[in-house]
Amino acid sequence: MDNWQPERFEEFYEKFFTPVFRYILLRVKQRAEAEDLAQTVFMKAYQANPSGPKGQELTLNYFFIIARNTVIDHWRKKKDVVVDDPEAEFESIPDTESPERDAMRGEAAGAVRRALGMVSASEQEVLILRFMNELSTKEIAKLLGKSEVAVRQLQSRGLKSLRGHLHGKDI
Amino acid sequence: MKQISDDILIKALELREQGRSPEQIFAVFPEARVELQAYFKLTADLQAEAKKIAPPAREVLRGALRRAAAMREVSALPAAARFFKGMPLGMRILFPVLAVLVIVTLVNPSEVATPLPPAPGTDDQAVSVLSAPSANDTAEPPAMLAKAPTPTSPDQPAPPETTMMAASSEPATPADRADSIAAAYIAGAESEDTAMTGAAAEESAAQDDSQSAQYVAEPTSQ
């Protein structure tokens with residue numbers, strides 16, 4: 001069974017590519033990087049198993065696992081990069097406090113999104129997957145390799161932290 | 001800002017995930033109604049924020065799938081085909097030709113080395129010196145060397161050692177010829193100098209015999 005038929009393109013785009021891109025963008029913040037990484041995810045998925053995971057139908061969870069690993073690899077590589085030009089490096093740092101820059105990039109990030117960038121990485125990931133990508137707690141637990149109870153705790157703490165940041169900013 | 005306990009929030013979120021309406025959940029936790037309302041609004045804001053993110057153009061995904069398919073095609077090709085893929089036609093021809101030449105050279109170098117044509121006034125022996133000796137040449141016994149052909153041109157004398165060996169090993173009778181061949185086979189491992197010394201001694205012994213015969217004949221004539 002070939003999962004990569006051209007007639008399934010629209011399904012790929014709506015069902016898999018858009019959520020994967022959304023997840024990656026919320027994690028890496030830069031749109032250009034997110035587009036590159038989303039493409040990398042699909043290339044990896046295709047090369048790893050052209051017939052889908054273990055010959056089964058492709059699922060969103062399968063793509064999220066690859067996306068999550070791709071983002072982690074991306075961060076690792078970024079840490080290893082030696083800064084040759086500090087000025088350029090400074091410019092490339094996403095400025096969550098600058099709506100003008102967001103507008104210039106066509107990324108009118110809202111207050112909620114900016115506050116989301118301030119919570120811890122694990123809480124942020126759970127909130128993105130649960131409320132922005134609408135995965136169930138069970139799916140998130142499977143994806144992250146945690147128990148459902150742990151995911152619910154992260155979800156609760158993340159919401160509290162997010163609310164605290166929003167109130168702190170008086171929004 | 002009043003904070004509700006983690007347990008209430010976790011339970012409320014669980015009920016929401018199960019499909020309960022906010023009103024049903026507020027009825028379960030009436031004391032946390034205001035707080036829960038704020039959290040439910042926050043989750044709705046997160047969902048609305050996600051909808052604001054414009055997905056990339058379809059061409060981005062098309063490009064990724066095209067590249068993945070191209071990479072799969074390339075990786076499915078045999079190693080030789082991958083090597084020649086994208087190479088100009090001239091290079092595709094040149095590489096195999098060079099490869100064959102290299103292989104032939106490695107397998108049998110003496111076959112590839114073309115001997116020079118003999119120049120006018122030279123003999124075959126001079127040409128054979130230029131070409132590399134083969135295994136058969138080295139295994140040849142010295143007696144065979146002694147039978148080397150005489151120079152075709154009278155102006156060009158044969159190499160000294162060949163001349164000497166030919167002269168020394170030229171027996172007068174068939175019996176002597178057989179003796180000399182046998183001696184040459186026995187002394188096959190010996191050097192040329194040794195062979196030459198033996199031939200010279202033989203020659204001097206013959207001279208001595210003729211001289212003694214002359215001395216013996218002289219008193220008779222006197």
# chains A, B, ... in the order shown; residues from 1 in each chain; ligands from 1
$ interface_residues --of "chain A" --to "chain B" --cutoff "6 Å" --atoms "only C-alpha atoms" --output "ChimeraX atom specification"
/A:18,39,43,131-132,156
$ write_last_selection --atoms "all heavy atoms" --output "PDB file, in the first residue's frame"
ATOM      1  N   THR A  18      -0.226  21.094   7.554  1.00  0.00           N
ATOM      2  CA  THR A  18      -0.603  22.319   8.274  1.00  0.00           C
ATOM      3  C   THR A  18      -0.418  22.166   9.794  1.00  0.00           C
ATOM      4  O   THR A  18       0.218  23.035  10.409  1.00  0.00           O
ATOM      5  CB  THR A  18      -2.051  22.719   7.915  1.00  0.00           C
ATOM      6  OG1 THR A  18      -2.133  22.830   6.488  1.00  0.00           O
ATOM      7  CG2 THR A  18      -2.447  24.035   8.536  1.00  0.00           C
ATOM      8  N   GLN A  39       9.309  20.795   5.779  1.00  0.00           N
ATOM      9  CA  GLN A  39       9.676  20.034   4.567  1.00  0.00           C
ATOM     10  C   GLN A  39      10.565  18.849   4.938  1.00  0.00           C
ATOM     11  O   GLN A  39      10.408  17.743   4.403  1.00  0.00           O
ATOM     12  CB  GLN A  39      10.429  20.933   3.590  1.00  0.00           C
ATOM     13  CG  GLN A  39       9.534  21.961   2.915  1.00  0.00           C
ATOM     14  CD  GLN A  39      10.312  22.751   1.871  1.00  0.00           C
ATOM     15  OE1 GLN A  39      10.757  22.204   0.888  1.00  0.00           O
ATOM     16  NE2 GLN A  39      10.467  24.034   2.105  1.00  0.00           N
ATOM     17  N   MET A  43      10.127  14.844   4.121  1.00  0.00           N
ATOM     18  CA  MET A  43      11.157  14.094   3.388  1.00  0.00           C
ATOM     19  C   MET A  43      11.643  12.904   4.215  1.00  0.00           C
ATOM     20  O   MET A  43      11.859  11.809   3.698  1.00  0.00           O
ATOM     21  CB  MET A  43      12.323  15.018   3.027  1.00  0.00           C
ATOM     22  CG  MET A  43      11.960  15.974   1.901  1.00  0.00           C
ATOM     23  SD  MET A  43      13.242  17.170   1.554  1.00  0.00           S
ATOM     24  CE  MET A  43      14.457  16.149   0.771  1.00  0.00           C
ATOM     25  N   PHE A 131      -4.083  22.219  22.810  1.00  0.00           N
ATOM     26  CA  PHE A 131      -5.075  23.245  22.477  1.00  0.00           C
ATOM     27  C   PHE A 131      -4.889  23.851  21.079  1.00  0.00           C
ATOM     28  O   PHE A 131      -5.842  24.362  20.506  1.00  0.00           O
ATOM     29  CB  PHE A 131      -5.059  24.359  23.535  1.00  0.00           C
ATOM     30  CG  PHE A 131      -5.392  23.840  24.896  1.00  0.00           C
ATOM     31  CD1 PHE A 131      -4.429  23.769  25.893  1.00  0.00           C
ATOM     32  CD2 PHE A 131      -6.671  23.387  25.184  1.00  0.00           C
ATOM     33  CE1 PHE A 131      -4.732  23.260  27.154  1.00  0.00           C
ATOM     34  CE2 PHE A 131      -6.983  22.879  26.441  1.00  0.00           C
ATOM     35  CZ  PHE A 131      -6.008  22.800  27.421  1.00  0.00           C
ATOM     36  N   MET A 132      -3.689  23.830  20.545  1.00  0.00           N
ATOM     37  CA  MET A 132      -3.478  24.441  19.225  1.00  0.00           C
ATOM     38  C   MET A 132      -3.485  23.392  18.114  1.00  0.00           C
ATOM     39  O   MET A 132      -3.815  23.697  16.983  1.00  0.00           O
ATOM     40  CB  MET A 132      -2.177  25.248  19.216  1.00  0.00           C
ATOM     41  CG  MET A 132      -2.199  26.310  20.327  1.00  0.00           C
ATOM     42  SD  MET A 132      -0.763  27.357  20.408  1.00  0.00           S
ATOM     43  CE  MET A 132      -1.291  28.775  19.481  1.00  0.00           C
ATOM     44  N   SER A 156      -2.171  21.509  33.203  1.00  0.00           N
ATOM     45  CA  SER A 156      -2.723  22.370  34.255  1.00  0.00           C
ATOM     46  C   SER A 156      -1.710  23.443  34.666  1.00  0.00           C
ATOM     47  O   SER A 156      -2.045  24.636  34.743  1.00  0.00           O
ATOM     48  CB  SER A 156      -3.109  21.499  35.448  1.00  0.00           C
ATOM     49  OG  SER A 156      -3.284  22.272  36.597  1.00  0.00           O
TER      50      SER A 156
END
$ residues_around --residues "stretch 58-61 of chain A" --least-positions-apart "4" --cutoff "12 Å" --atoms "only C-alpha atoms" --output "PyMOL selection string"
chain A and resi 1-4+8+11-21+23+41-42+45-46+49-54+65-68+129+133-136+138-144
$ atom_distance --atom1 "atom CA of B:Ala99" --atom2 "atom CA of B:Met87"
16.1 Å
$ residues_around --residues "A:Leu127" --least-positions-apart "3" --cutoff "7 Å" --atoms "only C-alpha atoms" --output "PDB file with N, CA and C atoms, in the first residue's frame"
ATOM      1  N   GLU A 123       5.898  22.413  29.263  1.00  0.00           N
ATOM      2  CA  GLU A 123       4.512  22.906  29.387  1.00  0.00           C
ATOM      3  C   GLU A 123       4.041  23.494  28.055  1.00  0.00           C
ATOM      4  N   GLN A 124       4.952  24.224  27.421  1.00  0.00           N
ATOM      5  CA  GLN A 124       4.620  24.832  26.130  1.00  0.00           C
ATOM      6  C   GLN A 124       4.245  23.758  25.105  1.00  0.00           C
ATOM      7  N   ARG A 130      -2.079  20.130  22.783  1.00  0.00           N
ATOM      8  CA  ARG A 130      -3.449  19.912  23.279  1.00  0.00           C
ATOM      9  C   ARG A 130      -4.441  20.948  22.735  1.00  0.00           C
ATOM     10  N   PHE A 131      -4.083  22.219  22.810  1.00  0.00           N
ATOM     11  CA  PHE A 131      -5.075  23.245  22.477  1.00  0.00           C
ATOM     12  C   PHE A 131      -4.889  23.851  21.079  1.00  0.00           C
ATOM     13  N   GLN A 155      -0.291  20.150  31.617  1.00  0.00           N
ATOM     14  CA  GLN A 155      -1.338  20.969  30.996  1.00  0.00           C
ATOM     15  C   GLN A 155      -1.893  21.985  32.008  1.00  0.00           C
ATOM     16  N   GLY A 158       0.862  24.460  32.981  1.00  0.00           N
ATOM     17  CA  GLY A 158       1.123  25.336  31.838  1.00  0.00           C
ATOM     18  C   GLY A 158       0.066  26.419  31.698  1.00  0.00           C
TER      19      GLY A 158
END
$ closest_residue --among "A:Ala150, A:Ile24, A:Ala111, A:Ala121" --to "A:His74" --atoms "only C-alpha atoms"
A:Ile24
